[in-house]
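So this block is entry.cif, mmCIF, C-alpha atoms:
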data_protein
#
loop_
_atom_site.group_PDB
_atom_site.id
_atom_site.type_symbol
_atom_site.label_atom_id
_atom_site.label_comp_id
_atom_site.auth_asym_id
_atom_site.auth_seq_id
_atom_site.Cartn_x
_atom_site.Cartn_y
_atom_site.Cartn_z
ATOM 1 C CA MET A 1 -119.851 102.489 198.614
ATOM 2 C CA ARG A 2 -119.544 98.803 199.491
ATOM 3 C CA PHE A 3 -122.462 96.531 198.705
ATOM 4 C CA LEU A 4 -121.582 93.593 200.927
ATOM 5 C CA LEU A 5 -124.259 91.425 202.489
ATOM 6 C CA ASP A 6 -124.387 91.344 206.275
ATOM 7 C CA PRO A 7 -124.141 88.017 208.195
ATOM 8 C CA GLY A 8 -127.911 87.676 208.448
ATOM 9 C CA GLN A 9 -128.385 88.147 204.705
ATOM 10 C CA ARG A 10 -125.610 85.665 203.927
ATOM 11 C CA ALA A 11 -127.176 83.132 206.292
ATOM 12 C CA PHE A 12 -130.556 83.648 204.621
ATOM 13 C CA ALA A 13 -129.005 82.991 201.201
ATOM 14 C CA ALA A 14 -127.224 79.877 202.463
ATOM 15 C CA SER A 15 -130.414 78.539 204.051
ATOM 16 C CA LEU A 16 -132.403 79.080 200.862
ATOM 17 C CA ASP A 17 -129.628 77.518 198.796
ATOM 18 C CA ALA A 18 -129.737 74.414 200.997
ATOM 19 C CA ARG A 19 -133.516 74.133 200.655
ATOM 20 C CA LEU A 20 -133.371 74.403 196.890
ATOM 21 C CA THR A 21 -130.409 72.064 196.507
ATOM 22 C CA SER A 22 -132.270 69.310 198.360
ATOM 23 C CA ALA A 23 -135.357 69.870 196.182
ATOM 24 C CA GLY A 24 -133.677 68.749 192.942
ATOM 25 C CA THR A 25 -135.029 71.561 190.795
ATOM 26 C CA PRO A 26 -134.131 70.094 187.350
ATOM 27 C CA ALA A 27 -136.650 67.286 187.899
ATOM 28 C CA VAL A 28 -139.210 69.806 189.195
ATOM 29 C CA ILE A 29 -138.746 71.943 186.073
ATOM 30 C CA ARG A 30 -139.212 68.975 183.745
ATOM 31 C CA ASP A 31 -142.427 67.974 185.533
ATOM 32 C CA TRP A 32 -143.631 71.589 185.367
ATOM 33 C CA SER A 33 -142.947 71.788 181.626
ATOM 34 C CA ARG A 34 -145.004 68.612 181.084
ATOM 35 C CA GLY A 35 -147.988 70.116 182.884
ATOM 36 C CA ASP A 36 -147.469 68.392 186.248
ATOM 37 C CA PRO A 37 -147.286 71.250 188.761
ATOM 38 C CA ALA A 38 -147.444 69.153 191.955
ATOM 39 C CA PRO A 39 -143.663 69.089 192.671
ATOM 40 C CA GLY A 40 -143.460 72.785 191.770
ATOM 41 C CA ARG A 41 -146.298 73.649 194.137
ATOM 42 C CA ALA A 42 -144.553 71.747 196.928
ATOM 43 C CA LEU A 43 -141.355 73.683 196.236
ATOM 44 C CA TRP A 44 -143.357 76.935 196.169
ATOM 45 C CA SER A 45 -144.605 76.172 199.683
ATOM 46 C CA ARG A 46 -141.062 75.590 200.919
ATOM 47 C CA ILE A 47 -139.947 78.900 199.420
ATOM 48 C CA ALA A 48 -142.881 80.669 201.082
ATOM 49 C CA GLU A 49 -142.004 79.043 204.426
ATOM 50 C CA ALA A 50 -138.571 80.646 204.104
ATOM 51 C CA GLY A 51 -140.338 84.027 203.940
ATOM 52 C CA VAL A 52 -139.443 84.945 200.359
ATOM 53 C CA PHE A 53 -142.844 86.287 199.281
ATOM 54 C CA ALA A 54 -143.391 87.971 202.638
ATOM 55 C CA LEU A 55 -140.423 90.221 201.800
ATOM 56 C CA ALA A 56 -142.655 92.131 199.363
ATOM 57 C CA VAL A 57 -145.617 92.487 201.754
ATOM 58 C CA PRO A 58 -146.021 95.067 204.567
ATOM 59 C CA GLU A 59 -146.126 93.785 208.135
ATOM 60 C CA GLU A 60 -149.758 94.835 208.653
ATOM 61 C CA TYR A 61 -150.754 92.270 206.008
ATOM 62 C CA ASP A 62 -148.778 89.377 207.502
ATOM 63 C CA GLY A 63 -145.583 90.164 205.621
ATOM 64 C CA LEU A 64 -142.057 90.881 206.802
ATOM 65 C CA GLY A 65 -142.161 94.499 205.635
ATOM 66 C CA LEU A 66 -140.868 95.756 202.308
ATOM 67 C CA ARG A 67 -137.306 94.437 202.137
ATOM 68 C CA PRO A 68 -135.992 94.847 198.586
ATOM 69 C CA VAL A 69 -132.391 93.941 199.436
ATOM 70 C CA GLU A 70 -133.400 90.660 201.064
ATOM 71 C CA LEU A 71 -135.780 90.018 198.161
ATOM 72 C CA ALA A 72 -132.865 90.448 195.749
ATOM 73 C CA VAL A 73 -130.781 88.047 197.843
ATOM 74 C CA ALA A 74 -133.588 85.481 197.659
ATOM 75 C CA PHE A 75 -134.139 85.841 193.920
ATOM 76 C CA VAL A 76 -130.448 85.365 193.197
ATOM 77 C CA GLU A 77 -130.798 81.934 194.817
ATOM 78 C CA LEU A 78 -134.065 81.229 192.967
ATOM 79 C CA GLY A 79 -132.271 82.013 189.706
ATOM 80 C CA ARG A 80 -129.232 79.983 190.691
ATOM 81 C CA HIS A 81 -131.534 76.958 191.001
ATOM 82 C CA ALA A 82 -133.782 77.894 188.022
ATOM 83 C CA VAL A 83 -136.941 77.559 190.129
ATOM 84 C CA PRO A 84 -140.087 77.441 187.955
ATOM 85 C CA GLY A 85 -143.322 79.356 188.469
ATOM 86 C CA PRO A 86 -144.601 82.946 188.404
ATOM 87 C CA LEU A 87 -142.176 84.136 191.074
ATOM 88 C CA VAL A 88 -141.647 87.651 189.703
ATOM 89 C CA GLU A 89 -145.337 87.971 188.861
ATOM 90 C CA THR A 90 -146.305 87.257 192.470
ATOM 91 C CA VAL A 91 -143.950 90.011 193.642
ATOM 92 C CA ALA A 92 -145.415 92.386 191.032
ATOM 93 C CA ALA A 93 -148.935 91.492 192.184
ATOM 94 C CA ALA A 94 -148.024 92.362 195.776
ATOM 95 C CA ALA A 95 -146.785 95.764 194.581
ATOM 96 C CA LEU A 96 -149.994 96.360 192.600
ATOM 97 C CA LEU A 97 -152.428 95.428 195.374
ATOM 98 C CA THR A 98 -151.558 98.241 197.764
ATOM 99 C CA GLU A 99 -154.973 99.841 198.264
ATOM 100 C CA PRO A 100 -156.051 98.922 201.835
ATOM 101 C CA ALA A 101 -159.116 96.906 200.837
ATOM 102 C CA LEU A 102 -157.193 94.997 198.159
ATOM 103 C CA ALA A 103 -154.168 94.513 200.381
ATOM 104 C CA LYS A 104 -156.295 93.031 203.143
ATOM 105 C CA ARG A 105 -158.019 90.749 200.655
ATOM 106 C CA PHE A 106 -155.002 89.421 198.757
ATOM 107 C CA LEU A 107 -151.666 90.082 200.456
ATOM 108 C CA PRO A 108 -151.806 87.712 203.469
ATOM 109 C CA SER A 109 -152.270 84.676 201.236
ATOM 110 C CA LEU A 110 -149.585 85.864 198.816
ATOM 111 C CA ALA A 111 -147.135 86.299 201.698
ATOM 112 C CA ALA A 112 -147.967 82.845 203.051
ATOM 113 C CA GLY A 113 -147.623 81.213 199.638
ATOM 114 C CA THR A 114 -151.109 79.730 199.724
ATOM 115 C CA THR A 115 -151.949 81.640 196.543
ATOM 116 C CA MET A 116 -149.814 81.969 193.426
ATOM 117 C CA ALA A 117 -150.403 85.074 191.328
ATOM 118 C CA THR A 118 -149.819 85.701 187.661
ATOM 119 C CA LEU A 119 -150.198 88.882 185.671
ATOM 120 C CA THR A 120 -150.901 89.874 182.082
ATOM 121 C CA PRO A 121 -149.177 93.168 181.201
ATOM 122 C CA VAL A 122 -150.950 95.689 178.982
ATOM 123 C CA ASP A 123 -148.667 94.944 176.030
ATOM 124 C CA SER A 124 -148.845 91.137 176.246
ATOM 125 C CA PRO A 125 -151.675 88.673 175.527
ATOM 126 C CA TYR A 126 -150.188 86.014 177.791
ATOM 127 C CA ALA A 127 -149.796 85.437 181.506
ATOM 128 C CA LEU A 128 -146.962 83.328 182.871
ATOM 129 C CA ASP A 129 -148.121 79.938 184.204
ATOM 130 C CA GLY A 130 -151.777 80.939 184.186
ATOM 131 C CA ASP A 131 -152.758 77.272 184.240
ATOM 132 C CA THR A 132 -151.087 76.829 187.628
ATOM 133 C CA ALA A 133 -151.633 80.209 189.303
ATOM 134 C CA THR A 134 -154.620 80.693 191.595
ATOM 135 C CA THR A 135 -154.907 84.487 191.272
ATOM 136 C CA HIS A 136 -155.087 85.842 187.717
ATOM 137 C CA LEU A 137 -154.532 89.569 187.274
ATOM 138 C CA SER A 138 -154.652 91.607 184.076
ATOM 139 C CA LEU A 139 -153.441 95.141 183.444
ATOM 140 C CA THR A 140 -155.873 96.655 180.962
ATOM 141 C CA PRO A 141 -156.359 100.193 179.604
ATOM 142 C CA ASP A 142 -159.077 100.745 182.235
ATOM 143 C CA GLY A 143 -157.046 99.451 185.190
ATOM 144 C CA LEU A 144 -156.247 96.277 187.108
ATOM 145 C CA ARG A 145 -158.698 93.424 186.712
ATOM 146 C CA LEU A 146 -159.120 90.035 188.364
ATOM 147 C CA SER A 147 -159.593 87.514 185.588
ATOM 148 C CA ALA A 148 -161.734 84.408 185.997
ATOM 149 C CA GLY A 149 -158.878 82.233 184.792
ATOM 150 C CA PRO A 150 -157.179 80.864 181.671
ATOM 151 C CA ALA A 151 -158.924 81.276 178.328
ATOM 152 C CA ALA A 152 -157.020 78.416 176.691
ATOM 153 C CA PRO A 153 -154.522 75.681 177.567
ATOM 154 C CA ALA A 154 -150.990 76.762 178.347
ATOM 155 C CA ARG A 155 -148.458 76.786 175.546
ATOM 156 C CA PRO A 156 -144.725 76.161 175.924
ATOM 157 C CA SER A 157 -142.174 78.930 175.592
ATOM 158 C CA LEU A 158 -138.434 79.069 175.020
ATOM 159 C CA ASP A 159 -137.920 78.379 178.730
ATOM 160 C CA PRO A 160 -139.645 75.108 179.740
ATOM 161 C CA ALA A 161 -140.128 76.557 183.226
ATOM 162 C CA ARG A 162 -142.244 79.394 181.761
ATOM 163 C CA ARG A 163 -145.635 78.303 180.369
ATOM 164 C CA LEU A 164 -147.717 80.985 178.630
ATOM 165 C CA THR A 165 -151.479 81.239 179.050
ATOM 166 C CA PRO A 166 -154.046 83.708 177.676
ATOM 167 C CA LEU A 167 -156.486 84.865 180.362
ATOM 168 C CA LEU A 168 -160.208 85.340 180.017
ATOM 169 C CA PRO A 169 -161.064 88.963 179.169
ATOM 170 C CA GLY A 170 -163.009 91.176 181.532
ATOM 171 C CA GLY A 171 -163.374 90.232 185.155
ATOM 172 C CA GLU A 172 -163.687 92.269 188.343
ATOM 173 C CA LEU A 173 -162.162 95.747 188.172
ATOM 174 C CA LEU A 174 -159.921 95.928 191.228
ATOM 175 C CA SER A 175 -158.417 99.369 190.681
ATOM 176 C CA PRO A 176 -158.730 101.968 187.903
ATOM 177 C CA THR A 177 -155.350 103.482 188.849
ATOM 178 C CA PRO A 178 -153.007 100.735 190.061
ATOM 179 C CA PRO A 179 -149.383 101.686 190.920
ATOM 180 C CA VAL A 180 -147.967 100.259 187.688
ATOM 181 C CA GLU A 181 -144.550 101.942 187.900
ATOM 182 C CA GLN A 182 -144.042 100.667 191.439
ATOM 183 C CA ALA A 183 -144.940 97.124 190.383
ATOM 184 C CA LEU A 184 -142.661 97.344 187.342
ATOM 185 C CA THR A 185 -139.759 98.475 189.526
ATOM 186 C CA TRP A 186 -140.163 95.519 191.903
ATOM 187 C CA ALA A 187 -140.613 93.113 188.991
ATOM 188 C CA ARG A 188 -137.456 94.352 187.280
ATOM 189 C CA LEU A 189 -135.480 94.130 190.512
ATOM 190 C CA ALA A 190 -136.562 90.511 191.038
ATOM 191 C CA THR A 191 -135.852 89.669 187.401
ATOM 192 C CA ALA A 192 -132.382 91.211 187.603
ATOM 193 C CA ALA A 193 -131.601 89.190 190.718
ATOM 194 C CA GLN A 194 -132.929 86.025 189.111
ATOM 195 C CA ALA A 195 -130.775 86.637 186.032
ATOM 196 C CA LEU A 196 -127.675 87.162 188.170
ATOM 197 C CA GLY A 197 -128.319 83.830 189.882
ATOM 198 C CA VAL A 198 -128.766 82.110 186.512
ATOM 199 C CA GLY A 199 -125.468 83.554 185.305
ATOM 200 C CA LEU A 200 -123.626 82.459 188.440
ATOM 201 C CA ALA A 201 -124.982 78.914 188.088
ATOM 202 C CA LEU A 202 -123.964 78.770 184.427
ATOM 203 C CA LEU A 203 -120.465 79.970 185.274
ATOM 204 C CA ASP A 204 -120.046 77.438 188.114
ATOM 205 C CA ARG A 205 -121.249 74.563 185.920
ATOM 206 C CA THR A 206 -118.999 75.580 183.050
ATOM 207 C CA VAL A 207 -115.908 75.927 185.221
ATOM 208 C CA ALA A 208 -116.538 72.446 186.634
ATOM 209 C CA TYR A 209 -117.019 71.053 183.125
ATOM 210 C CA VAL A 210 -113.841 72.483 181.570
ATOM 211 C CA ARG A 211 -111.849 71.108 184.478
ATOM 212 C CA GLN A 212 -113.073 67.604 183.632
ATOM 213 C CA ARG A 213 -113.134 67.687 179.837
ATOM 214 C CA THR A 214 -109.772 66.881 178.290
ATOM 215 C CA GLN A 215 -108.214 67.526 174.902
ATOM 216 C CA PHE A 216 -104.690 66.597 173.805
ATOM 217 C CA GLY A 217 -104.317 64.940 177.184
ATOM 218 C CA VAL A 218 -104.999 68.048 179.312
ATOM 219 C CA ALA A 219 -108.080 69.737 180.745
ATOM 220 C CA VAL A 220 -109.526 72.292 178.315
ATOM 221 C CA GLY A 221 -109.809 74.681 181.242
ATOM 222 C CA SER A 222 -106.046 75.107 181.062
ATOM 223 C CA PHE A 223 -106.261 76.693 177.595
ATOM 224 C CA GLN A 224 -105.709 80.436 177.579
ATOM 225 C CA ALA A 225 -108.667 81.143 175.274
ATOM 226 C CA VAL A 226 -111.008 79.246 177.594
ATOM 227 C CA LYS A 227 -109.694 81.119 180.632
ATOM 228 C CA HIS A 228 -110.284 84.447 178.895
ATOM 229 C CA ARG A 229 -113.912 83.581 178.027
ATOM 230 C CA LEU A 230 -114.637 82.537 181.605
ATOM 231 C CA ALA A 231 -112.878 85.607 182.994
ATOM 232 C CA ASP A 232 -115.004 87.884 180.792
ATOM 233 C CA ALA A 233 -118.158 86.180 182.053
ATOM 234 C CA ARG A 234 -117.042 86.480 185.663
ATOM 235 C CA ILE A 235 -116.222 90.174 185.296
ATOM 236 C CA ALA A 236 -119.638 90.859 183.740
ATOM 237 C CA LEU A 237 -121.407 89.119 186.626
ATOM 238 C CA ASP A 238 -119.234 90.865 189.210
ATOM 239 C CA PHE A 239 -120.128 94.246 187.715
ATOM 240 C CA ALA A 240 -123.824 93.374 187.830
ATOM 241 C CA ARG A 241 -123.849 92.417 191.514
ATOM 242 C CA PRO A 242 -123.228 95.887 193.062
ATOM 243 C CA LEU A 243 -125.639 97.474 190.597
ATOM 244 C CA LEU A 244 -128.317 95.023 191.729
ATOM 245 C CA TYR A 245 -127.870 95.677 195.441
ATOM 246 C CA GLY A 246 -127.423 99.401 194.902
ATOM 247 C CA ALA A 247 -130.731 99.474 193.020
ATOM 248 C CA ALA A 248 -132.369 97.489 195.823
ATOM 249 C CA LEU A 249 -131.255 100.181 198.265
ATOM 250 C CA THR A 250 -132.607 103.107 196.252
ATOM 251 C CA LEU A 251 -135.525 101.480 194.367
ATOM 252 C CA ARG A 252 -135.269 104.285 191.830
ATOM 253 C CA PRO A 253 -136.702 103.121 188.488
ATOM 254 C CA ALA A 254 -133.583 104.183 186.566
ATOM 255 C CA ASP A 255 -131.270 102.372 188.990
ATOM 256 C CA VAL A 256 -133.378 99.224 188.795
ATOM 257 C CA ALA A 257 -133.518 99.410 184.991
ATOM 258 C CA ALA A 258 -129.716 99.740 184.892
ATOM 259 C CA ALA A 259 -129.370 96.739 187.192
ATOM 260 C CA LYS A 260 -131.747 94.698 185.068
ATOM 261 C CA VAL A 261 -130.067 95.352 181.747
ATOM 262 C CA THR A 262 -126.607 94.764 183.249
ATOM 263 C CA ALA A 263 -127.540 91.540 185.058
ATOM 264 C CA CYS A 264 -129.507 90.131 182.131
ATOM 265 C CA GLU A 265 -126.773 90.948 179.618
ATOM 266 C CA ALA A 266 -124.184 89.381 181.947
ATOM 267 C CA ALA A 267 -126.276 86.229 182.266
ATOM 268 C CA TYR A 268 -126.823 86.113 178.499
ATOM 269 C CA THR A 269 -123.078 86.535 177.856
ATOM 270 C CA THR A 270 -122.340 83.766 180.331
ATOM 271 C CA ALA A 271 -124.936 81.537 178.681
ATOM 272 C CA ARG A 272 -123.276 81.981 175.284
ATOM 273 C CA THR A 273 -119.897 81.179 176.823
ATOM 274 C CA ALA A 274 -121.291 78.132 178.609
ATOM 275 C CA LEU A 275 -122.854 76.830 175.414
ATOM 276 C CA GLN A 276 -119.664 77.262 173.413
ATOM 277 C CA LEU A 277 -117.405 75.659 176.010
ATOM 278 C CA HIS A 278 -119.713 72.692 176.558
ATOM 279 C CA GLY A 279 -119.757 71.959 172.847
ATOM 280 C CA ALA A 280 -122.505 69.834 171.290
ATOM 281 C CA ILE A 281 -123.741 68.506 174.635
ATOM 282 C CA GLY A 282 -124.836 72.019 175.583
ATOM 283 C CA TYR A 283 -127.503 71.967 172.869
ATOM 284 C CA THR A 284 -129.308 68.878 174.150
ATOM 285 C CA ALA A 285 -132.578 69.361 176.031
ATOM 286 C CA GLU A 286 -131.811 66.289 178.157
ATOM 287 C CA TYR A 287 -128.700 67.922 179.600
ATOM 288 C CA ASP A 288 -129.555 70.034 182.655
ATOM 289 C CA LEU A 289 -127.456 72.963 181.449
ATOM 290 C CA SER A 290 -130.172 73.741 178.900
ATOM 291 C CA LEU A 291 -132.582 74.691 181.707
ATOM 292 C CA TRP A 292 -130.332 77.600 182.665
ATOM 293 C CA LEU A 293 -129.438 78.522 179.084
ATOM 294 C CA THR A 294 -133.065 79.015 178.080
ATOM 295 C CA LYS A 295 -133.887 80.894 181.268
ATOM 296 C CA ALA A 296 -131.068 83.377 180.656
ATOM 297 C CA ARG A 297 -132.535 84.109 177.223
ATOM 298 C CA ALA A 298 -136.102 84.409 178.513
ATOM 299 C CA LEU A 299 -135.248 86.728 181.414
ATOM 300 C CA ARG A 300 -133.384 89.073 179.066
ATOM 301 C CA GLY A 301 -136.674 90.189 177.527
ATOM 302 C CA ALA A 302 -138.951 89.824 180.545
ATOM 303 C CA TRP A 303 -140.344 93.024 182.120
ATOM 304 C CA GLY A 304 -138.547 95.236 179.636
ATOM 305 C CA GLY A 305 -135.824 94.249 177.198
ATOM 306 C CA PRO A 306 -132.366 95.832 177.016
ATOM 307 C CA ASP A 307 -133.414 98.734 174.791
ATOM 308 C CA GLU A 308 -136.400 99.632 176.964
ATOM 309 C CA CYS A 309 -134.328 99.567 180.152
ATOM 310 C CA ARG A 310 -131.606 101.676 178.573
ATOM 311 C CA ASP A 311 -134.222 104.226 177.539
ATOM 312 C CA VAL A 312 -135.364 104.460 181.182
ATOM 313 C CA VAL A 313 -131.796 105.123 182.303
ATOM 314 C CA LEU A 314 -131.146 107.713 179.604
ATOM 315 C CA SER A 315 -134.461 109.484 180.261
ATOM 316 C CA ALA A 316 -133.561 109.860 183.936
ATOM 317 C CA ARG A 317 -130.278 111.517 182.992
ATOM 318 C CA ALA A 318 -131.756 113.884 180.402
#
Show me the file's structure as C-alpha cells.
Amino acid sequence: MRFLLDPGQRAFAASLDARLTSAGTPAVIRDWSRGDPAPGRALWSRIAEAGVFALAVPEEYDGLGLRPVELAVAFVELGRHAVPGPLVETVAAAALLTEPALAKRFLPSLAAGTTMATLTPVDSPYALDGDTATTHLSLTPDGLRLSAGPAAPARPSLDPARRLTPLLPGGELLSPTPPVEQALTWARLATAAQALGVGLALLDRTVAYVRQRTQFGVAVGSFQAVKHRLADARIALDFARPLLYGAALTLRPADVAAAKVTACEAAYTTARTALQLHGAIGYTAEYDLSLWLTKARALRGAWGGPDECRDVVLSARA
C-alpha cells in the first residue's frame, strides 16, 4: 500500500504551514510559558479558522466530519511548529462528547475554536493548560465530569509549552460511560502526528546547522559520522510516516498505538541526535531548538508511554 497524500491534503498542509510560519511560534511559546496566553489564544483562533478542530467533529455539529487522515496531516504541522496549548486534549474531548445532548452542547464551539478543552485522565492529577482552557473535563472512576476549573495555579513542566494544572474535584457528571477507548485512540493518533512533526523540524534545523558549523576548515556536516547520525534519524522518521497514515485510515487501537510508539521514538531519537550535533548551544533554554527538544521528550510519555503502547500492540496479536 502507498500512503501518499493527495493534492488537497498537501495543499492543506502547505496552507497551515504558512499560517504557522508567519505566527512566529517560538515567541508565542515563551509568552505561554510565562503565563501570558494572549498570543497563544490568537494563534488558536487562526488554527480553528483553518478547520483543524472541525476535523474531529461530525458535520451535524458544525464540524467537517470525522477525518482522521486530515487531522494527522494538520497535527504534523502543529508539531513541526511546536504550537502550544491543549491541542490533543481538545481532540480527545470531541471524541468523548459523542452523546447527542453533549455533542449539541459542546461540539460546535470546540469545532469553531471558541472554546479550548482540557482533560484530566483517570491516572493523572493534572490537566494540561487548565489555567488557559475554558472547558475542563475530568475522567473519574464514576465517569466523565465537567470541572468548575483549576484548583491551583499552573505549574511548569519539562516542556514550557505544556503547563500542568490540578482541577477542582467533583463537578457535573456528563456521562457515566464515556467512550474512553475511542477518545484515547484519537488522542494517540494526534500525539503521534505531533511527534512526527517535531522530529521533522528537529532534523531540518540540525541539517541546516551542520552545514554552517565548521571544524578544521570544513562544515561538520561533511563528516561521515555526522551523516550517519542524520541518516539514522531520517530513516526512523520515514518509517513512522506510513505507520501514522495507515493508522489514521484504520483507526484500530493497535495500529494507532504502533504509530504512536514509532513516531515518538523516532522524534526522541532525532532529538538526541540534534542535541549532540548542536553541541553546548543545544542545551541553552534561550536557543529555540530547546523548544522542540523538550516537546519530543514530553510527547513520548503523553497518552501512553512506549511500554504501554507496545502492550496494546502485542495484546492485539495474541
(request) Take the PyMOL selection byres ((chain A and resi 289) around 10), apply it to the structure above, and return the hits as a list in words. (result)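 Matching residues under the PyMOL selection byres ((chain A and resi 289) around 10) are Pro26, Ala201, Leu202, Arg205, Thr206, Ala271, Ala274, Leu275, His278, Ile281, Gly282, Tyr283, Thr284, Ala285, Glu286, Tyr287, Asp288, Ser290, Leu291, Trp292, Leu293 and Thr294 of chain A.
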(request) With the file shown as input, list the residues that the PyMOL selection byres ((chain A and resi 122) around 12) selects, as a list of chain:residue names. (result)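 Residues picked by the PyMOL selection byres ((chain A and resi 122) around 12): A:Leu119, A:Thr120, A:Pro121, A:Asp123, A:Ser124, A:Pro125, A:Tyr126, A:Ala127, A:Leu137, A:Ser138, A:Leu139, A:Thr140, A:Pro141, A:Asp142, A:Gly143, A:Leu144, A:Arg145, A:Val180, A:Leu184, A:Trp303.
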Selection export as a compact mmCIF listing (two decimals), keeping the file's coordinate frame, atoms kept: C-alpha atoms:
# COMPACT_ATOMS: atom_id res chain seq x y z
CA LEU A 119 -150.20 88.88 185.67
CA THR A 120 -150.90 89.87 182.08
CA PRO A 121 -149.18 93.17 181.20
CA ASP A 123 -148.67 94.94 176.03
CA SER A 124 -148.84 91.14 176.25
CA PRO A 125 -151.68 88.67 175.53
CA TYR A 126 -150.19 86.01 177.79
CA ALA A 127 -149.80 85.44 181.51
CA LEU A 137 -154.53 89.57 187.27
CA SER A 138 -154.65 91.61 184.08
CA LEU A 139 -153.44 95.14 183.44
CA THR A 140 -155.87 96.66 180.96
CA PRO A 141 -156.36 100.19 179.60
CA ASP A 142 -159.08 100.74 182.24
CA GLY A 143 -157.05 99.45 185.19
CA LEU A 144 -156.25 96.28 187.11
CA ARG A 145 -158.70 93.42 186.71
CA VAL A 180 -147.97 100.26 187.69
CA LEU A 184 -142.66 97.34 187.34
CA TRP A 303 -140.34 93.02 182.12
(request) Using all atoms listed in the file, determine which residues lie at most 12 Å from range 63-67 of chain A, disregarding the query and same-chain residues fewer than 4 positions distant; provide the list as JSON, numbers by chain. (result) {"A": [9, 48, 49, 50, 51, 52, 53, 54, 55, 56, 57, 58, 59, 71, 72, 73, 74, 91, 94, 95, 98, 103, 104, 106, 107, 108, 109, 110, 111, 112, 113, 186, 189, 190, 245, 248, 249, 250, 251]}
(request) Measuring atom to atom with all atoms listed in the file, identify which of A:Ala233, A:Leu200, A:Ala183, A:Leu174 is nearest to His81 in chain A. (result)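 Ranking A:Ala233, A:Leu200, A:Ala183, A:Leu174 by distance to His81 in chain A, first place goes to A:Leu200.
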(request) Taking the file above as input, evaluate the PyMOL selection byres ((chain A and resi 264) around 8) and report the hits as an MDAnalysis selection string. (result) chainID A and resid 192 195:196 260:263 265:268 296 299:300
(request) Name the closest residue to Val83 in chain A among the candidates A:Asp238, A:Glu308, A:Asp204, A:Asp31; distances are taken between atoms, counting only C-alpha atoms. (result)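 For Val83 in chain A, the nearest of the given residues is A:Asp31.
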(request) Counting all atoms listed in the file, figure out which residue out of A:Ala219, A:Ala280, A:Leu203, A:Ala302 gets nearest to Val88 in chain A. (result) A:Ala302
(message) Here is a test: counting only C-alpha atoms, which residue of A:Leu16, A:Leu4, A:Ala148, A:Ile235 is nearest to Arg46 in chain A?
(response)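 The answer is A:Leu16, which sits nearest to Arg46 in chain A.
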Please write out, as lines of an AutoDock Vina configuration file, where the centre of an axis-aligned box around all listed atoms of range 280-297 of chain A lies and how long its edges are, in Å to one decimal, after adding 5 Å on each side.
center_x = -128.2
center_y = 75.2
center_z = 177.0
size_x = 21.4
size_y = 27.8
size_z = 21.4
(request) Rank nothing, just name the residue among A:Val207, A:Ala27, A:Leu173, A:Leu128 nearest to Pro153 in chain A, using all atoms listed in the file. (result)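 Comparing A:Val207, A:Ala27, A:Leu173, A:Leu128 against Pro153 in chain A, the winner is A:Leu128.
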(message) Could you tell me how far CA of Thr177 in chain A sits from CA of Leu96 in chain A, in Å to one decimal place?
(response) 9.7 Å
